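Shown below: run26.cif, with mmCIF, C-alpha atoms.
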data_upload
loop_
_atom_site.label_atom_id
_atom_site.label_comp_id
_atom_site.auth_asym_id
_atom_site.auth_seq_id
_atom_site.Cartn_x
_atom_site.Cartn_y
_atom_site.Cartn_z
CA MET A 1 42.48 -14.03 -25.86
CA GLY A 2 39.63 -12.04 -24.30
CA LEU A 3 41.95 -9.09 -23.87
CA THR A 4 42.86 -9.26 -27.56
CA ASP A 5 39.16 -9.29 -28.56
CA SER A 6 38.46 -6.23 -26.44
CA ILE A 7 41.44 -4.44 -27.98
CA VAL A 8 40.16 -5.27 -31.47
CA ASP A 9 36.67 -4.01 -30.54
CA ARG A 10 38.15 -0.82 -29.16
CA LEU A 11 40.20 -0.33 -32.33
CA ARG A 12 37.07 -0.87 -34.44
CA GLN A 13 35.26 1.80 -32.42
CA VAL A 14 38.15 4.25 -32.77
CA VAL A 15 38.31 3.67 -36.52
CA ALA A 16 34.54 4.21 -36.80
CA LEU A 17 34.73 7.52 -34.93
CA PRO A 18 34.19 10.51 -37.21
CA ASP A 19 37.20 12.62 -38.11
CA LEU A 20 36.20 16.11 -36.96
CA THR A 21 39.45 17.74 -38.16
CA GLY A 22 38.70 21.13 -39.67
CA THR A 23 35.29 21.45 -38.03
CA ARG A 24 34.30 23.51 -35.01
CA TYR A 25 33.11 20.43 -33.12
CA GLU A 26 34.72 18.35 -30.41
CA LEU A 27 33.46 14.78 -29.95
CA GLU A 28 32.13 13.82 -26.51
CA SER A 29 30.32 10.47 -26.75
CA GLN A 30 28.04 8.34 -28.87
CA ILE A 31 24.31 8.89 -28.28
CA GLY A 32 22.85 6.22 -30.52
CA ARG A 33 22.79 4.49 -33.87
CA GLY A 34 20.00 4.84 -36.42
CA GLY A 35 19.27 3.23 -39.77
CA THR A 36 21.47 5.64 -41.71
CA GLY A 37 24.19 6.66 -39.29
CA VAL A 38 25.39 7.39 -35.79
CA VAL A 39 24.43 10.31 -33.55
CA TYR A 40 27.18 11.72 -31.32
CA ALA A 41 27.18 14.21 -28.47
CA ALA A 42 29.63 16.97 -29.32
CA ARG A 43 30.55 20.51 -28.34
CA ASP A 44 30.62 23.51 -30.63
CA ARG A 45 33.97 25.10 -29.66
CA GLN A 46 33.18 28.39 -31.38
CA LEU A 47 29.88 29.05 -29.61
CA ASN A 48 30.68 26.87 -26.58
CA ARG A 49 27.40 24.97 -26.65
CA PRO A 50 26.44 21.31 -26.73
CA VAL A 51 25.25 19.92 -30.06
CA ALA A 52 24.30 16.56 -31.52
CA LEU A 53 26.16 15.42 -34.62
CA LYS A 54 24.58 12.97 -36.99
CA VAL A 55 27.25 11.27 -39.07
CA PHE A 56 26.04 9.17 -41.99
CA ASP A 57 27.48 5.81 -42.99
CA PHE A 58 27.15 6.91 -46.60
CA ALA A 59 26.45 10.16 -48.43
CA LEU A 60 22.91 11.39 -47.78
CA PRO A 61 22.93 15.04 -48.75
CA GLY A 62 19.15 15.38 -48.77
CA GLU A 63 18.32 14.78 -45.11
CA ALA A 64 19.76 18.00 -43.67
CA GLN A 65 18.04 20.16 -46.29
CA LEU A 66 14.84 18.22 -45.68
CA ILE A 67 14.83 18.88 -41.94
CA ALA A 68 16.08 22.44 -42.37
CA GLN A 69 12.81 23.19 -44.18
CA LEU A 70 10.88 22.28 -41.06
CA GLU A 71 11.04 25.12 -38.58
CA HIS A 72 8.68 23.94 -35.88
CA PRO A 73 8.91 23.86 -32.05
CA ALA A 74 8.59 20.06 -32.06
CA ILE A 75 11.25 19.49 -34.72
CA VAL A 76 14.92 19.66 -33.70
CA PRO A 77 16.59 22.54 -35.56
CA ILE A 78 19.63 21.94 -37.79
CA TYR A 79 22.60 24.26 -37.24
CA GLU A 80 24.97 23.20 -39.99
CA SER A 81 25.63 20.43 -42.48
CA GLY A 82 28.73 19.38 -44.40
CA THR A 83 31.27 16.70 -45.19
CA LEU A 84 33.92 15.44 -42.75
CA ALA A 85 37.61 14.95 -43.55
CA ASP A 86 36.95 11.19 -43.81
CA GLY A 87 34.37 11.86 -46.55
CA ARG A 88 31.26 11.11 -44.52
CA SER A 89 28.30 13.53 -44.52
CA PHE A 90 27.16 15.03 -41.24
CA TYR A 91 24.90 17.63 -39.80
CA ALA A 92 24.89 19.39 -36.44
CA MET A 93 21.65 19.94 -34.58
CA LYS A 94 20.39 21.08 -31.22
CA ARG A 95 21.21 18.53 -28.52
CA VAL A 96 17.90 17.65 -26.92
CA VAL A 97 17.94 16.80 -23.23
CA GLY A 98 15.11 14.45 -22.40
CA GLU A 99 13.97 10.89 -22.55
CA PRO A 100 12.54 8.79 -25.36
CA LEU A 101 8.80 8.19 -25.36
CA ASP A 102 9.01 4.54 -24.24
CA ARG A 103 10.86 5.57 -21.08
CA TYR A 104 8.49 8.51 -20.54
CA VAL A 105 5.45 6.20 -20.74
CA SER A 106 6.99 3.75 -18.26
CA LYS A 107 6.69 6.51 -15.61
CA SER A 108 2.87 6.34 -15.94
CA PRO A 109 2.09 9.95 -16.88
CA SER A 110 -1.53 11.13 -16.73
CA LEU A 111 -3.80 10.60 -19.72
CA ALA A 112 -3.84 14.37 -20.33
CA ASP A 113 -0.02 14.38 -20.49
CA ARG A 114 0.04 11.36 -22.83
CA LEU A 115 -2.47 13.00 -25.16
CA ARG A 116 -0.58 16.29 -25.03
CA VAL A 117 2.55 14.49 -26.26
CA ILE A 118 0.62 12.73 -29.04
CA ARG A 119 -0.93 16.02 -30.12
CA ARG A 120 2.48 17.70 -30.25
CA VAL A 121 3.84 14.84 -32.38
CA GLY A 122 0.76 15.08 -34.60
CA GLU A 123 1.17 18.84 -35.00
CA ALA A 124 4.79 18.36 -36.09
CA LEU A 125 3.71 15.70 -38.61
CA ALA A 126 0.88 17.87 -39.95
CA PHE A 127 3.34 20.74 -40.35
CA ALA A 128 5.82 18.51 -42.22
CA HIS A 129 3.10 17.02 -44.43
CA ALA A 130 1.99 20.53 -45.40
CA ARG A 131 5.54 21.02 -46.71
CA GLY A 132 5.57 17.72 -48.54
CA VAL A 133 7.83 15.96 -46.03
CA ILE A 134 6.95 12.62 -44.46
CA HIS A 135 8.66 11.07 -41.45
CA ARG A 136 8.77 7.39 -42.56
CA ASP A 137 10.08 6.06 -39.25
CA LEU A 138 7.86 7.32 -36.43
CA LYS A 139 8.28 5.18 -33.31
CA PRO A 140 8.62 5.79 -29.54
CA GLN A 141 12.42 5.90 -29.75
CA ASN A 142 12.19 8.79 -32.23
CA VAL A 143 10.13 11.02 -29.93
CA MET A 144 11.89 12.79 -27.07
CA VAL A 145 10.14 14.39 -24.12
CA GLY A 146 12.09 17.10 -22.31
CA ALA A 147 12.17 17.83 -18.59
CA PHE A 148 9.73 20.73 -19.05
CA GLY A 149 7.37 18.76 -21.24
CA GLN A 150 8.90 19.79 -24.58
CA VAL A 151 8.27 17.23 -27.32
CA TYR A 152 10.67 16.64 -30.20
CA VAL A 153 10.16 14.40 -33.21
CA MET A 154 13.57 13.14 -34.33
CA ASP A 155 15.10 11.17 -37.18
CA TRP A 156 13.09 12.46 -40.10
CA GLY A 157 13.39 9.87 -42.80
CA VAL A 158 14.72 10.04 -46.31
CA GLU A 159 13.88 7.88 -49.31
CA THR A 160 16.24 5.10 -48.26
CA VAL A 161 14.69 4.69 -44.80
CA ALA A 162 12.03 2.00 -44.87
CA GLY A 163 10.77 2.37 -41.30
CA THR A 164 10.90 0.15 -38.23
CA PRO A 165 8.84 -3.03 -38.89
CA ALA A 166 6.63 -2.78 -35.77
CA PHE A 167 5.52 0.76 -36.68
CA ARG A 168 5.75 0.54 -40.45
CA ALA A 169 2.54 0.72 -42.49
CA PRO A 170 1.85 -2.38 -44.63
CA GLU A 171 1.69 -0.50 -47.96
CA PRO A 172 4.86 -0.73 -50.08
CA ASN A 173 5.05 2.99 -50.95
CA LEU A 174 5.17 5.18 -47.87
CA ASP A 175 3.26 8.47 -47.86
CA GLU A 176 1.38 10.74 -45.41
CA LYS A 177 -1.07 7.93 -44.66
CA SER A 178 1.86 5.77 -43.53
CA ASP A 179 2.77 8.44 -40.95
CA ILE A 180 -0.89 8.45 -39.83
CA TYR A 181 -0.64 4.66 -39.41
CA ALA A 182 2.50 5.03 -37.27
CA LEU A 183 0.86 7.84 -35.26
CA GLY A 184 -2.11 5.53 -34.61
CA LEU A 185 0.25 2.83 -33.33
CA LEU A 186 2.07 5.45 -31.26
CA LEU A 187 -1.27 6.52 -29.74
CA ARG A 188 -2.10 2.86 -29.00
CA PHE A 189 1.33 2.48 -27.38
CA MET A 190 0.71 5.60 -25.27
CA LEU A 191 -2.74 4.61 -23.99
CA PRO A 192 -3.07 3.41 -20.40
CA GLN A 193 -4.09 -0.16 -19.46
CA ALA A 194 -7.86 0.23 -19.84
CA PRO A 195 -8.37 3.12 -22.25
CA SER A 196 -11.67 4.76 -23.12
CA PRO A 197 -13.31 2.95 -26.06
CA ALA A 198 -13.40 6.26 -27.93
CA LEU A 199 -9.64 6.69 -27.67
CA ARG A 200 -9.04 3.07 -28.65
CA ALA A 201 -11.29 3.60 -31.68
CA ILE A 202 -9.25 6.66 -32.72
CA ALA A 203 -6.01 4.66 -32.53
CA ASP A 204 -7.61 1.73 -34.38
CA LYS A 205 -8.95 3.94 -37.17
CA ALA A 206 -5.56 5.60 -37.66
CA ALA A 207 -3.79 2.23 -37.76
CA ARG A 208 -6.12 0.41 -40.19
CA ALA A 209 -4.31 -1.81 -42.69
CA ASP A 210 -6.20 -0.24 -45.59
CA PRO A 211 -4.93 3.35 -46.07
CA ALA A 212 -8.33 4.41 -47.47
CA GLN A 213 -9.98 3.58 -44.13
CA ARG A 214 -7.56 5.67 -42.07
CA TYR A 215 -7.97 9.36 -41.29
CA SER A 216 -7.26 11.26 -44.47
CA THR A 217 -5.04 13.82 -42.70
CA VAL A 218 -3.18 14.09 -39.39
CA ASN A 219 -5.30 17.14 -38.55
CA GLU A 220 -8.43 14.99 -38.81
CA LEU A 221 -6.94 12.60 -36.26
CA LEU A 222 -5.93 15.49 -33.99
CA ALA A 223 -9.44 16.96 -34.23
CA ASP A 224 -10.88 13.62 -33.06
CA ILE A 225 -8.50 13.57 -30.06
CA GLU A 226 -9.51 17.16 -29.27
CA ARG A 227 -13.20 16.20 -29.49
CA PHE A 228 -12.52 13.36 -27.03
CA GLN A 229 -10.78 15.74 -24.62
CA GLU A 230 -13.68 18.20 -24.81
CA GLY A 231 -16.17 15.44 -24.00
CA LEU A 232 -17.69 15.41 -27.51
CA ALA A 233 -18.48 12.43 -29.73
CA VAL A 234 -15.52 11.23 -31.80
CA GLN A 235 -15.70 10.53 -35.52
CA ALA A 236 -14.02 7.12 -35.18
CA TRP A 237 -16.63 5.55 -32.90
CA SER A 238 -20.42 5.35 -33.12
CA GLU A 239 -21.09 5.25 -29.39
CA PRO A 240 -24.05 3.42 -27.86
CA LEU A 241 -26.95 5.44 -26.38
CA TRP A 242 -26.01 4.81 -22.73
CA HIS A 243 -22.52 6.12 -23.40
CA ARG A 244 -23.94 9.23 -25.10
CA VAL A 245 -26.21 9.90 -22.08
CA ARG A 246 -23.31 9.41 -19.65
CA ARG A 247 -21.10 11.73 -21.70
CA PHE A 248 -23.85 14.37 -21.76
CA GLY A 249 -24.23 14.02 -17.99
CA SER A 250 -20.54 14.40 -17.25
CA ARG A 251 -20.18 17.27 -19.74
CA ASN A 252 -23.16 19.16 -18.30
CA ALA A 253 -22.96 18.04 -14.68
CA LEU A 254 -23.07 21.57 -13.25
CA LEU A 255 -26.08 22.59 -15.33
CA LEU A 256 -27.93 19.41 -14.33
CA TRP A 257 -27.14 20.13 -10.66
CA LEU A 258 -28.50 23.66 -11.04
CA PHE A 259 -31.73 22.40 -12.61
CA ALA A 260 -31.98 19.76 -9.87
CA ALA A 261 -31.56 22.53 -7.27
CA TYR A 262 -34.34 24.55 -8.94
CA ALA A 263 -36.68 21.55 -9.05
CA SER A 264 -35.89 20.74 -5.39
CA VAL A 265 -36.67 24.34 -4.34
CA LYS A 266 -39.97 24.24 -6.21
CA PHE A 267 -40.93 20.88 -4.66
CA LEU A 268 -39.90 22.06 -1.20
CA LEU A 269 -42.01 25.22 -1.50
CA PHE A 270 -44.95 23.21 -2.83
CA PHE A 271 -44.58 20.74 0.03
CA LEU A 272 -44.33 23.53 2.67
CA ARG A 273 -47.46 25.21 1.27
CA THR A 274 -49.56 22.03 1.42
CA VAL A 275 -48.44 21.02 4.94
CA MET B 1 -24.59 34.17 -30.94
CA ASN B 2 -23.99 37.25 -28.82
CA LYS B 3 -23.93 36.49 -25.09
CA ILE B 4 -26.45 39.25 -24.33
CA VAL B 5 -28.90 37.74 -26.86
CA VAL B 6 -28.25 34.31 -25.35
CA GLY B 7 -28.98 35.69 -21.87
CA VAL B 8 -32.20 37.41 -22.98
CA LEU B 9 -33.43 34.29 -24.80
CA PHE B 10 -32.66 31.87 -21.96
CA GLY B 11 -34.03 34.41 -19.45
CA LEU B 12 -37.26 34.66 -21.43
CA ILE B 13 -37.71 30.88 -21.73
CA LEU B 14 -36.71 30.00 -18.16
CA GLY B 15 -38.62 32.99 -16.75
CA ALA B 16 -41.75 31.89 -18.61
CA ILE B 17 -41.35 28.31 -17.34
CA ASP B 18 -40.84 29.61 -13.80
CA GLY B 19 -43.93 31.78 -14.12
CA ALA B 20 -45.94 28.86 -15.52
CA THR B 21 -45.26 26.84 -12.35
CA ALA B 22 -47.60 29.29 -10.57
CA TRP B 23 -50.40 27.27 -12.19
CA PHE B 24 -49.80 24.62 -9.49
CA THR B 25 -50.81 27.19 -6.83
CA PRO B 26 -54.63 27.43 -7.06
CA GLU B 27 -54.86 30.94 -5.55
CA ALA B 28 -52.38 32.25 -8.18
CA ARG B 29 -54.20 30.73 -11.18
CA PRO B 30 -56.46 33.74 -11.86
CA MET B 31 -53.34 35.93 -12.22
CA ILE B 32 -51.34 33.44 -14.31
CA GLY B 33 -51.15 35.77 -17.37
CA GLY B 34 -49.66 38.63 -15.36
CA ILE B 35 -47.30 36.28 -13.53
CA LEU B 36 -46.10 34.79 -16.85
CA VAL B 37 -45.41 38.22 -18.34
CA GLY B 38 -43.75 39.55 -15.16
CA SER B 39 -41.61 36.43 -14.70
CA SER B 40 -40.55 36.49 -18.35
CA ILE B 41 -39.53 40.17 -18.11
CA LYS B 42 -37.65 39.44 -14.87
CA GLY B 43 -35.83 36.55 -16.57
CA MET B 44 -34.97 38.70 -19.59
CA LEU B 45 -33.53 41.44 -17.38
CA VAL B 46 -31.42 38.92 -15.43
CA GLY B 47 -30.32 37.38 -18.76
CA LEU B 48 -29.44 40.76 -20.26
CA LEU B 49 -27.25 41.77 -17.32
CA SER B 50 -25.73 38.28 -16.94
CA GLY B 51 -24.95 38.27 -20.67
CA TRP B 52 -23.31 41.67 -20.41
CA PHE B 53 -21.27 40.41 -17.43
CA ALA B 54 -20.30 37.23 -19.34
CA ARG B 55 -18.82 39.39 -22.11
CA LYS B 56 -16.59 41.12 -19.57
CA VAL B 57 -15.68 38.23 -17.25
CA HIS B 58 -15.06 34.64 -18.38
CA SER B 59 -15.61 32.60 -15.25
CA THR B 60 -18.32 30.00 -14.72
CA GLY B 61 -18.23 30.46 -10.94
CA TRP B 62 -18.58 34.24 -11.14
CA GLY B 63 -21.24 33.88 -13.84
CA ILE B 64 -23.36 31.69 -11.57
CA ALA B 65 -22.78 33.97 -8.57
CA VAL B 66 -23.67 37.17 -10.45
CA GLY B 67 -26.68 35.52 -12.16
CA ALA B 68 -27.92 34.21 -8.81
CA GLY B 69 -27.40 37.63 -7.20
CA LEU B 70 -29.30 39.38 -9.99
CA GLY B 71 -32.06 36.75 -9.82
CA LEU B 72 -32.37 37.32 -6.09
CA LEU B 73 -32.44 41.11 -6.49
CA PHE B 74 -35.14 41.16 -9.19
CA ALA B 75 -37.17 38.51 -7.38
CA PHE B 76 -37.00 40.67 -4.24
CA LEU B 77 -38.27 43.68 -6.21
CA VAL B 78 -41.19 41.62 -7.57
CA ALA B 79 -42.00 40.28 -4.10
CA ALA B 80 -41.68 43.77 -2.61
CA MET B 81 -44.25 45.08 -5.13
CA GLN B 82 -46.69 42.44 -3.88
CA LYS B 83 -45.53 42.80 -0.25
CA ASN B 84 -46.06 39.03 0.04
CA HIS B 85 -44.70 35.56 -0.93
CA TYR B 86 -41.08 36.64 -0.47
CA LEU B 87 -39.74 33.08 -0.02
CA GLU B 88 -41.83 31.58 -2.88
CA ILE B 89 -40.60 34.22 -5.34
CA MET B 90 -37.03 34.87 -4.17
CA LEU B 91 -35.76 31.31 -3.65
CA PRO B 92 -36.58 29.99 -7.18
CA GLY B 93 -35.54 33.36 -8.65
CA PHE B 94 -32.15 33.00 -6.96
CA VAL B 95 -31.52 29.49 -8.37
CA LEU B 96 -32.89 30.34 -11.81
CA GLY B 97 -30.61 33.40 -11.92
CA GLY B 98 -27.70 31.02 -11.28
CA VAL B 99 -28.83 28.83 -14.20
CA ILE B 100 -29.06 31.85 -16.51
CA GLY B 101 -25.63 33.06 -15.33
CA PHE B 102 -24.15 29.63 -16.07
CA LEU B 103 -25.71 29.47 -19.54
CA THR B 104 -24.45 32.94 -20.51
CA GLN B 105 -20.92 31.83 -19.60
CA ARG B 106 -21.11 28.60 -21.58
CA VAL B 107 -23.13 29.58 -24.65
CA GLY B 108 -22.51 32.34 -27.18
CA THR B 109 -19.51 34.14 -28.60
CA PRO B 110 -17.43 35.92 -25.95
CA ASN B 111 -17.00 39.31 -27.63
CA HIS B 112 -17.99 41.49 -30.54
CA GLN B 113 -15.97 40.94 -33.72
CA VAL B 114 -13.61 43.88 -33.88
CA SER B 115 -13.15 45.17 -37.41
CA VAL B 116 -9.71 46.55 -38.07
CA ARG B 117 -9.42 49.29 -40.66
CA PRO B 118 -6.08 49.37 -42.49
CA GLN B 119 -4.07 52.47 -41.67
CA ALA B 120 -3.53 55.01 -44.38
#
As structure tokens:
Amino acid sequence: MGLTDSIVDRLRQVVALPDLTGTRYELESQIGRGGTGVVYAARDRQLNRPVALKVFDFALPGEAQLIAQLEHPAIVPIYESGTLADGRSFYAMKRVVGEPLDRYVSKSPSLADRLRVIRRVGEALAFAHARGVIHRDLKPQNVMVGAFGQVYVMDWGVETVAGTPAFRAPEPNLDEKSDIYALGLLLRFMLPQAPSPALRAIADKAARADPAQRYSTVNELLADIERFQEGLAVQAWSEPLWHRVRRFGSRNALLLWLFAAYASVKFLLFFLRTV
Amino acid sequence: MNKIVVGVLFGLILGAIDGATAWFTPEARPMIGGILVGSSIKGMLVGLLSGWFARKVHSTGWGIAVGAGLGLLFAFLVAAMQKNHYLEIMLPGFVLGGVIGFLTQRVGTPNHQVSVRPQA
């Protein structure tokens, strides 16, 4: 009986496989399943290079054109789109070698590396927003980090994609602010165990339930992260005085040491003269 | 702000403060005006040269080293004119030169704005 079940499962899988007859692609394996279709590893026979094929469960002609508008280093480029012999829509894109963000974070990268990834994701979002495109489904599984630190934002959403519940903004109509919400949650997800209160405040502000209280643009959020990295005060957090003093001290440590050296020299000379 | 201007301004202020500390030495008090002017000019010269260096080389370490070297050199010249108080003049001058060198590296715009004229 078990054997029969496994045969049926296998048959189901074979039937679900895309019919690549008439295309230049050769199927290798399944990479993953998303909300709108399945992504396969394939080989472009004509150019002899690996590609990723996204095959939709139903016709979604808009997605390929949508992503094709976004030429950005952190957005996976589309090579070709079309319709398969079995009637399903597909597009071929660069096959990214790397690991999803959740696996990358589990390796405990440094804070600088975590923030670099977030900034790259933010830059891609800002770029897309400037062209009127929103992601709709930003989550750790949709961000890939390559072996050389390349960051790719995948699975750009279309109207029918409603987002993954854990990272989806509460408002019914998704817009740029919804991507900012997801980016805030992504930042919170990326932060180490005991993050700086300033960084936590940035993530909290981006992920506020009320869209009006979030950053108004992704660039505003990125500017706050940059301010944090440069040792400046962040917009999201009104820091207490002791924290401001400590930040000034660590930012100007060398100058303070030089002034201390000058004062010490003066005191020493004064002391030597009076002895 | 231009790095040379930054250097001259910080040199003037820090040089004046350094000169003003002579007030704590009773035998130097009668000459405090001359010391203030001389120390300010020394600071401005160190600032000017450190600022010029900061426009050419962007390195905090080298900025401090060159500033300290210039501070030491000018302080030596001042002490040599008096033929006395070498340690009291050169040691603070050395450290203060380092401070000015640091500030010229950190403050001010690195280079002149280059205006590009469209080609005919």
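Atom to atom, CA of Ile118 (chain A) and CA of Ala41 (chain A) stand 26.6 Å apart.
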Once 6 Å is added on each side, what centre and edge lengths in Å to one decimal does the axis-aligned box around all listed atoms of region 31-46 of chain B have, as JSON?
{"center_x": -42.4, "center_y": 37.4, "center_z": -15.9, "size_x": 33.9, "size_y": 20.0, "size_z": 19.4}
| Can you tell me how far CA of Ala79 (chain B) sits from CA of Ala54 (chain B), in Å to one decimal? |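 According to the coordinates, CA of Ala79 (chain B) and CA of Ala54 (chain B) are separated by 26.7 Å.
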| message | For a quick check of understanding, using all atoms listed in the file, which of B:Leu49, B:Val5, B:Met31, B:Leu14 has the smallest distance to chain A? | response |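 For chain A, the nearest of the given residues is B:Leu14.
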Write out as a PDB file with C-alpha atoms, in the frame of the given file the residues lying within 8 Å of region 83-94 of chain B, counting only C-alpha atoms and excluding same-chain residues fewer than 4 positions away.
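Once everything was written out, this is around-v1.pdb:
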ATOM      1  CA  TYR A 262     -34.340  24.550  -8.940  1.00  0.00           C
ATOM      2  CA  VAL A 265     -36.670  24.340  -4.340  1.00  0.00           C
ATOM      3  CA  LYS A 266     -39.970  24.240  -6.210  1.00  0.00           C
ATOM      4  CA  LEU A 269     -42.010  25.220  -1.500  1.00  0.00           C
TER       5      LEU A 269
ATOM      6  CA  ASP B  18     -40.840  29.610 -13.800  1.00  0.00           C
ATOM      7  CA  GLY B  67     -26.680  35.520 -12.160  1.00  0.00           C
ATOM      8  CA  ALA B  68     -27.920  34.210  -8.810  1.00  0.00           C
ATOM      9  CA  GLY B  69     -27.400  37.630  -7.200  1.00  0.00           C
ATOM     10  CA  LEU B  70     -29.300  39.380  -9.990  1.00  0.00           C
ATOM     11  CA  GLY B  71     -32.060  36.750  -9.820  1.00  0.00           C
ATOM     12  CA  LEU B  72     -32.370  37.320  -6.090  1.00  0.00           C
ATOM     13  CA  PHE B  74     -35.140  41.160  -9.190  1.00  0.00           C
ATOM     14  CA  ALA B  75     -37.170  38.510  -7.380  1.00  0.00           C
ATOM     15  CA  PHE B  76     -37.000  40.670  -4.240  1.00  0.00           C
ATOM     16  CA  VAL B  78     -41.190  41.620  -7.570  1.00  0.00           C
ATOM     17  CA  ALA B  79     -42.000  40.280  -4.100  1.00  0.00           C
ATOM     18  CA  GLY B  98     -27.700  31.020 -11.280  1.00  0.00           C
TER      19      GLY B  98
END
| field | Computed interatomic separation between CA of Ala128 (chain A) and CA of Ala223 (chain A) (Å) | value | 17.3 Å
Output region 191-204 of chain A from the block with N, CA and C atoms, as a compact mmCIF listing (two decimals), in the first residue's frame?
# COMPACT_ATOMS: atom_id res chain seq x y z
N LEU A 191 18.65 41.68 14.22
CA LEU A 191 19.42 42.23 15.34
C LEU A 191 19.93 41.12 16.26
N PRO A 192 21.11 41.33 16.85
CA PRO A 192 21.62 40.31 17.79
C PRO A 192 20.81 40.29 19.09
N GLN A 193 21.18 39.40 20.00
CA GLN A 193 20.42 39.17 21.24
C GLN A 193 20.12 40.45 22.02
N ALA A 194 21.15 41.22 22.34
CA ALA A 194 20.94 42.45 23.11
C ALA A 194 21.33 43.64 22.25
N PRO A 195 20.42 44.10 21.41
CA PRO A 195 20.80 45.18 20.48
C PRO A 195 20.88 46.54 21.17
N SER A 196 21.53 47.47 20.51
CA SER A 196 21.58 48.84 21.01
C SER A 196 20.15 49.39 21.03
N PRO A 197 19.79 50.18 22.06
CA PRO A 197 18.43 50.73 22.10
C PRO A 197 18.11 51.59 20.89
N ALA A 198 19.15 52.22 20.32
CA ALA A 198 18.91 53.06 19.14
C ALA A 198 18.46 52.22 17.95
N LEU A 199 19.13 51.07 17.78
CA LEU A 199 18.78 50.19 16.66
C LEU A 199 17.39 49.59 16.86
N ARG A 200 17.10 49.23 18.12
CA ARG A 200 15.79 48.65 18.41
C ARG A 200 14.70 49.69 18.12
N ALA A 201 15.01 50.95 18.46
CA ALA A 201 14.04 52.03 18.22
C ALA A 201 13.79 52.22 16.73
N ILE A 202 14.85 52.07 15.93
CA ILE A 202 14.70 52.21 14.46
C ILE A 202 13.76 51.12 13.94
N ALA A 203 14.01 49.88 14.39
CA ALA A 203 13.17 48.76 13.95
C ALA A 203 11.72 48.96 14.42
N ASP A 204 11.57 49.42 15.67
CA ASP A 204 10.22 49.62 16.21
C ASP A 204 9.47 50.71 15.45
